[in-house]
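See structure below.
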Amino acid sequence: MNGLSETLVFVKLGGSVITDKRREAAAQTDVIRRLAGEVARARAARPELRLVIGHGSGSFGHFVGQRYQTHLGLAGGGGWEGYAQTGAAAMRLNRIVTDLFLAGDVPVVSLQPSASALCQNGQLLSLAVGPVRALLEAGLVPLVYGDVALDEARGFTIISTETIFAYLAQHITPARIILAGIVGGVYTADPLAHPEATLIPEITPANINEVELMLSGSHGVDVTGGMGAKVRAMYALVRSHPGLRVQIVSGLGAGVLQEVLIKPESRIGSIII
């Protein structure tokens, strides 16, 4: 499964969608259950579809990570207890997502990133790809998530789902990556704070510099960089994998994820090409 695969799609469920990022450990179970149903219906409509699903840590991992400054490693002052507590918080949310997706007829198999991830100064050097390949070939849905990771320079760090997707894409390149967040794409300003902000339908080499100037941090607590980091990471990934398309949509809009999974040509949200 080397090279770009037309039927493979990576889907990220943003932590801002599946949790209330303003309150610690507040899972939005109704939203998770709805998203599971949309994925199940999309798989039924397109049996050839192969998915890798990832999710953010939301108000589980991010609150604990902020408390211990886990993303800074040992220099953050939280010590190895912070590493353990942040990883445990991320895993608790993953258990909720796993159970609800299985109940919704999506055959997810949780893969704990920290079990194999190794970083150097916050950069992901290695991650086990074999299990992802094997699960896809078996017709199952690998489920990864933002997690802690050992770091050769810092002791440990935090890796986002986008970082994991970027690494996996080097080995099993998807045709599309869908990021389902709290807002319906990339806007000229934070639409949660500035209702007059307008959607940027496409991000390309022609406007990326202008877009970067507009990007702001995330809504709520986020120790992995917010929207700016997400767009920069996905833009770099698209540039290194010709043909890959990234679509940023709302995970709160009922039916949106289902539609973009079924219709690759969909123009909903913002598209990075």
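Letters for chains follow the order of the structure tokens (A, B, ...), residue numbers begin at 1 for each chain, and ligand numbers begin at 1 in the order shown.
Near stretch 34-45 of chain A, within 9 Å and counting only C-alpha atoms, sit Leu13, Thr29, Arg50, Leu51, Val97, Leu100, Phe101, Leu102, Ala103, Gly104, Asp105, Val106, Gly251, Leu252, Ala254, Gly255, Val256, Leu257, Gln258, Glu259, Val260, Leu261 and Ile262 of chain A, not including residues fewer than 5 positions from it in the same chain.
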From stretch 9-38 of chain A, collect each residue whose DSSP state is helix (DSSP H, G or I) and return the set as number ranges by chain.
A: 15-18, 29-38
Produce a file of the selected residues containing N, CA and C atoms, as a short mmCIF file (atom, residue, chain, number, x, y, z; two decimals), in the first residue's frame.
```
data_model
loop_
_atom_site.label_atom_id
_atom_site.label_comp_id
_atom_site.auth_asym_id
_atom_site.auth_seq_id
_atom_site.Cartn_x
_atom_site.Cartn_y
_atom_site.Cartn_z
N GLY A 15 -10.74 17.49 18.91
CA GLY A 15 -11.04 17.49 20.34
C GLY A 15 -12.08 18.51 20.70
N SER A 16 -12.17 19.60 19.91
CA SER A 16 -13.16 20.64 20.17
C SER A 16 -14.57 20.18 19.82
N VAL A 17 -14.67 19.10 19.03
CA VAL A 17 -15.97 18.56 18.62
C VAL A 17 -16.43 17.47 19.59
N ILE A 18 -15.53 16.58 19.93
CA ILE A 18 -15.93 15.42 20.73
C ILE A 18 -15.85 15.67 22.24
N THR A 29 -20.74 12.89 24.28
CA THR A 29 -21.06 11.53 23.83
C THR A 29 -22.11 11.52 22.73
N ASP A 30 -23.07 12.44 22.77
CA ASP A 30 -24.08 12.49 21.72
C ASP A 30 -23.45 12.80 20.36
N VAL A 31 -22.48 13.70 20.37
CA VAL A 31 -21.79 14.06 19.12
C VAL A 31 -20.96 12.88 18.62
N ILE A 32 -20.24 12.23 19.52
CA ILE A 32 -19.43 11.07 19.13
C ILE A 32 -20.32 9.99 18.54
N ARG A 33 -21.46 9.75 19.17
CA ARG A 33 -22.39 8.73 18.70
C ARG A 33 -22.92 9.09 17.30
N ARG A 34 -23.25 10.35 17.09
CA ARG A 34 -23.73 10.79 15.77
C ARG A 34 -22.66 10.62 14.70
N LEU A 35 -21.42 11.01 15.02
CA LEU A 35 -20.33 10.88 14.06
C LEU A 35 -20.07 9.42 13.71
N ALA A 36 -20.19 8.55 14.69
CA ALA A 36 -20.04 7.12 14.43
C ALA A 36 -21.10 6.65 13.44
N GLY A 37 -22.33 7.13 13.61
CA GLY A 37 -23.40 6.76 12.69
C GLY A 37 -23.13 7.27 11.28
N GLU A 38 -22.57 8.47 11.17
CA GLU A 38 -22.26 9.02 9.84
C GLU A 38 -21.16 8.22 9.16
#
```
Excluding A:Val9 and any residue of its chain fewer than 3 positions from it, enumerate the residues within 6 Å of it, using only C-alpha atoms, and give them as a VMD selection string.
chain A and resid 51 174 176 to 177
Generate a file of the selected residues that holds C-alpha atoms, formatted as a PDB file, in the first residue's frame.
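Result written to result-v7.pdb:
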```
ATOM      1  CA  LEU A  51     -10.468   4.679   6.804  1.00  0.00           C
ATOM      2  CA  PRO A 174      -4.291   8.611   1.569  1.00  0.00           C
ATOM      3  CA  ARG A 176      -7.803  12.647   1.288  1.00  0.00           C
ATOM      4  CA  ILE A 177      -7.505  13.851   4.856  1.00  0.00           C
TER       5      ILE A 177
END
```
Contact residues around A:Tyr187 with only C-alpha atoms at 7 Å, ignoring same-chain residues under 2 positions, as a PyMOL selection string
chain A and resi 185+189-191+197-200
Resulting file, chosen residues, C-alpha atoms, as a PDB file, in the first residue's frame:
```pdb
ATOM      1  CA  GLY A 185     -13.245  25.500   7.760  1.00  0.00           C
ATOM      2  CA  ALA A 189     -10.516  35.447  11.656  1.00  0.00           C
ATOM      3  CA  ASP A 190     -11.705  33.221  14.503  1.00  0.00           C
ATOM      4  CA  PRO A 191     -15.435  32.921  13.677  1.00  0.00           C
ATOM      5  CA  ALA A 197     -15.250  36.398   9.555  1.00  0.00           C
ATOM      6  CA  THR A 198     -15.551  34.807   6.115  1.00  0.00           C
ATOM      7  CA  LEU A 199     -14.665  31.304   4.953  1.00  0.00           C
ATOM      8  CA  ILE A 200     -11.518  30.732   2.906  1.00  0.00           C
TER       9      ILE A 200
END
```
Considering only C-alpha atoms, give me a table of residues in stretch 44-90 of chain A that are at most 6 Å from stretch 154-163 of chain A, with the closest atom pair and distance in Å for each, as JSON lines.
```
{"residue": "A:Thr70", "atom": "CA", "partner": "A:Thr157", "partner_atom": "CA", "distance": 6.0}
{"residue": "A:His71", "atom": "CA", "partner": "A:Thr157", "partner_atom": "CA", "distance": 4.5}
{"residue": "A:Gly73", "atom": "CA", "partner": "A:Phe156", "partner_atom": "CA", "distance": 4.8}
{"residue": "A:Leu74", "atom": "CA", "partner": "A:Gly155", "partner_atom": "CA", "distance": 5.9}
```
The selected residues should be written to file as a compact mmCIF listing (two decimals), in the first residue's frame (atoms: N, CA and C atoms).
```
# COMPACT_ATOMS: atom_id res chain seq x y z
N THR A 70 3.34 19.26 29.78
CA THR A 70 3.91 18.01 29.27
C THR A 70 4.55 18.18 27.90
N HIS A 71 4.01 19.10 27.08
CA HIS A 71 4.56 19.30 25.74
C HIS A 71 5.99 19.83 25.77
N GLY A 73 8.26 18.69 27.85
CA GLY A 73 9.14 17.64 28.34
C GLY A 73 9.55 17.86 29.78
N LEU A 74 10.70 17.30 30.14
CA LEU A 74 11.17 17.43 31.53
C LEU A 74 11.40 18.88 31.91
```
Rounded to one decimal place, report the atom CA of A:Val211-atom CA of A:Pro242 distance in Å.
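About the pair atom CA of A:Val211 and atom CA of A:Pro242: they are 20.6 Å apart.
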Quick one: everything within 12 Å of A:Leu125, counting only C-alpha atoms, minus sequence neighbours fewer than 3 positions away in the same chain. Send it as JSON, numbers by chain.
{"A": [116, 117, 118, 119, 120, 121, 122, 128, 149, 150, 151, 152, 153, 159, 163, 164, 166, 167, 168, 170]}
Could you save the residues just selected, with C-alpha atoms, as an mmCIF file, in the first residue's frame?
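Ended up saving to part_20.cif:
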```
data_model
loop_
_atom_site.group_PDB
_atom_site.id
_atom_site.type_symbol
_atom_site.label_atom_id
_atom_site.label_comp_id
_atom_site.auth_asym_id
_atom_site.auth_seq_id
_atom_site.Cartn_x
_atom_site.Cartn_y
_atom_site.Cartn_z
ATOM 1 C CA SER A 116 5.735 2.915 19.685
ATOM 2 C CA ALA A 117 6.274 6.643 19.049
ATOM 3 C CA LEU A 118 9.748 8.147 19.395
ATOM 4 C CA CYS A 119 10.453 11.853 18.979
ATOM 5 C CA GLN A 120 13.467 14.146 18.818
ATOM 6 C CA ASN A 121 12.849 17.705 20.010
ATOM 7 C CA GLY A 122 9.140 17.345 19.362
ATOM 8 C CA ALA A 128 4.694 1.489 14.170
ATOM 9 C CA ALA A 149 5.452 10.272 23.268
ATOM 10 C CA LEU A 150 8.991 9.593 24.424
ATOM 11 C CA ASP A 151 11.486 12.166 23.179
ATOM 12 C CA GLU A 152 15.246 11.573 22.946
ATOM 13 C CA ALA A 153 16.039 15.216 23.739
ATOM 14 C CA ILE A 159 2.136 14.520 19.518
ATOM 15 C CA THR A 163 1.543 14.812 13.399
ATOM 16 C CA ILE A 164 0.584 11.133 13.451
ATOM 17 C CA ALA A 166 1.701 13.204 8.552
ATOM 18 C CA TYR A 167 3.978 10.347 9.599
ATOM 19 C CA LEU A 168 1.568 7.632 8.451
ATOM 20 C CA GLN A 170 4.811 8.864 4.360
#
```
List the spatial neighbours of A:Arg245 as an mmCIF file with N, CA and C atoms, in the first residue's frame - criterion: any atom at most 7 Å away, only C-alpha atoms, same-chain residues fewer than 2 positions off excluded.
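Result saved to part08.cif:
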```
data_model
loop_
_atom_site.group_PDB
_atom_site.id
_atom_site.type_symbol
_atom_site.label_atom_id
_atom_site.label_comp_id
_atom_site.auth_asym_id
_atom_site.auth_seq_id
_atom_site.Cartn_x
_atom_site.Cartn_y
_atom_site.Cartn_z
ATOM 1 N N ALA A 175 -5.736 9.387 -0.195
ATOM 2 C CA ALA A 175 -6.176 10.327 -1.226
ATOM 3 C C ALA A 175 -6.647 11.628 -0.582
ATOM 4 N N ARG A 176 -7.240 11.486 0.615
ATOM 5 C CA ARG A 176 -7.803 12.647 1.288
ATOM 6 C C ARG A 176 -7.561 12.563 2.791
ATOM 7 N N ILE A 177 -7.483 13.732 3.402
ATOM 8 C CA ILE A 177 -7.505 13.851 4.856
ATOM 9 C C ILE A 177 -8.636 14.811 5.187
ATOM 10 N N VAL A 238 0.482 18.306 1.942
ATOM 11 C CA VAL A 238 -0.052 18.355 0.579
ATOM 12 C C VAL A 238 1.057 18.661 -0.432
ATOM 13 N N GLY A 243 -1.386 15.388 -5.299
ATOM 14 C CA GLY A 243 -2.649 14.681 -5.440
ATOM 15 C C GLY A 243 -3.424 14.557 -4.149
ATOM 16 N N GLN A 247 -9.326 18.468 3.596
ATOM 17 C CA GLN A 247 -10.589 19.197 3.705
ATOM 18 C C GLN A 247 -10.894 19.438 5.180
ATOM 19 N N ILE A 271 -10.554 23.707 1.571
ATOM 20 C CA ILE A 271 -9.779 22.641 0.944
ATOM 21 C C ILE A 271 -8.350 23.116 0.734
ATOM 22 N N ILE A 272 -7.403 22.302 1.181
ATOM 23 C CA ILE A 272 -5.982 22.587 0.965
ATOM 24 C C ILE A 272 -5.511 21.728 -0.185
ATOM 25 N N ILE A 273 -5.051 22.360 -1.266
ATOM 26 C CA ILE A 273 -4.625 21.629 -2.460
ATOM 27 C C ILE A 273 -3.295 22.172 -2.974
#
```
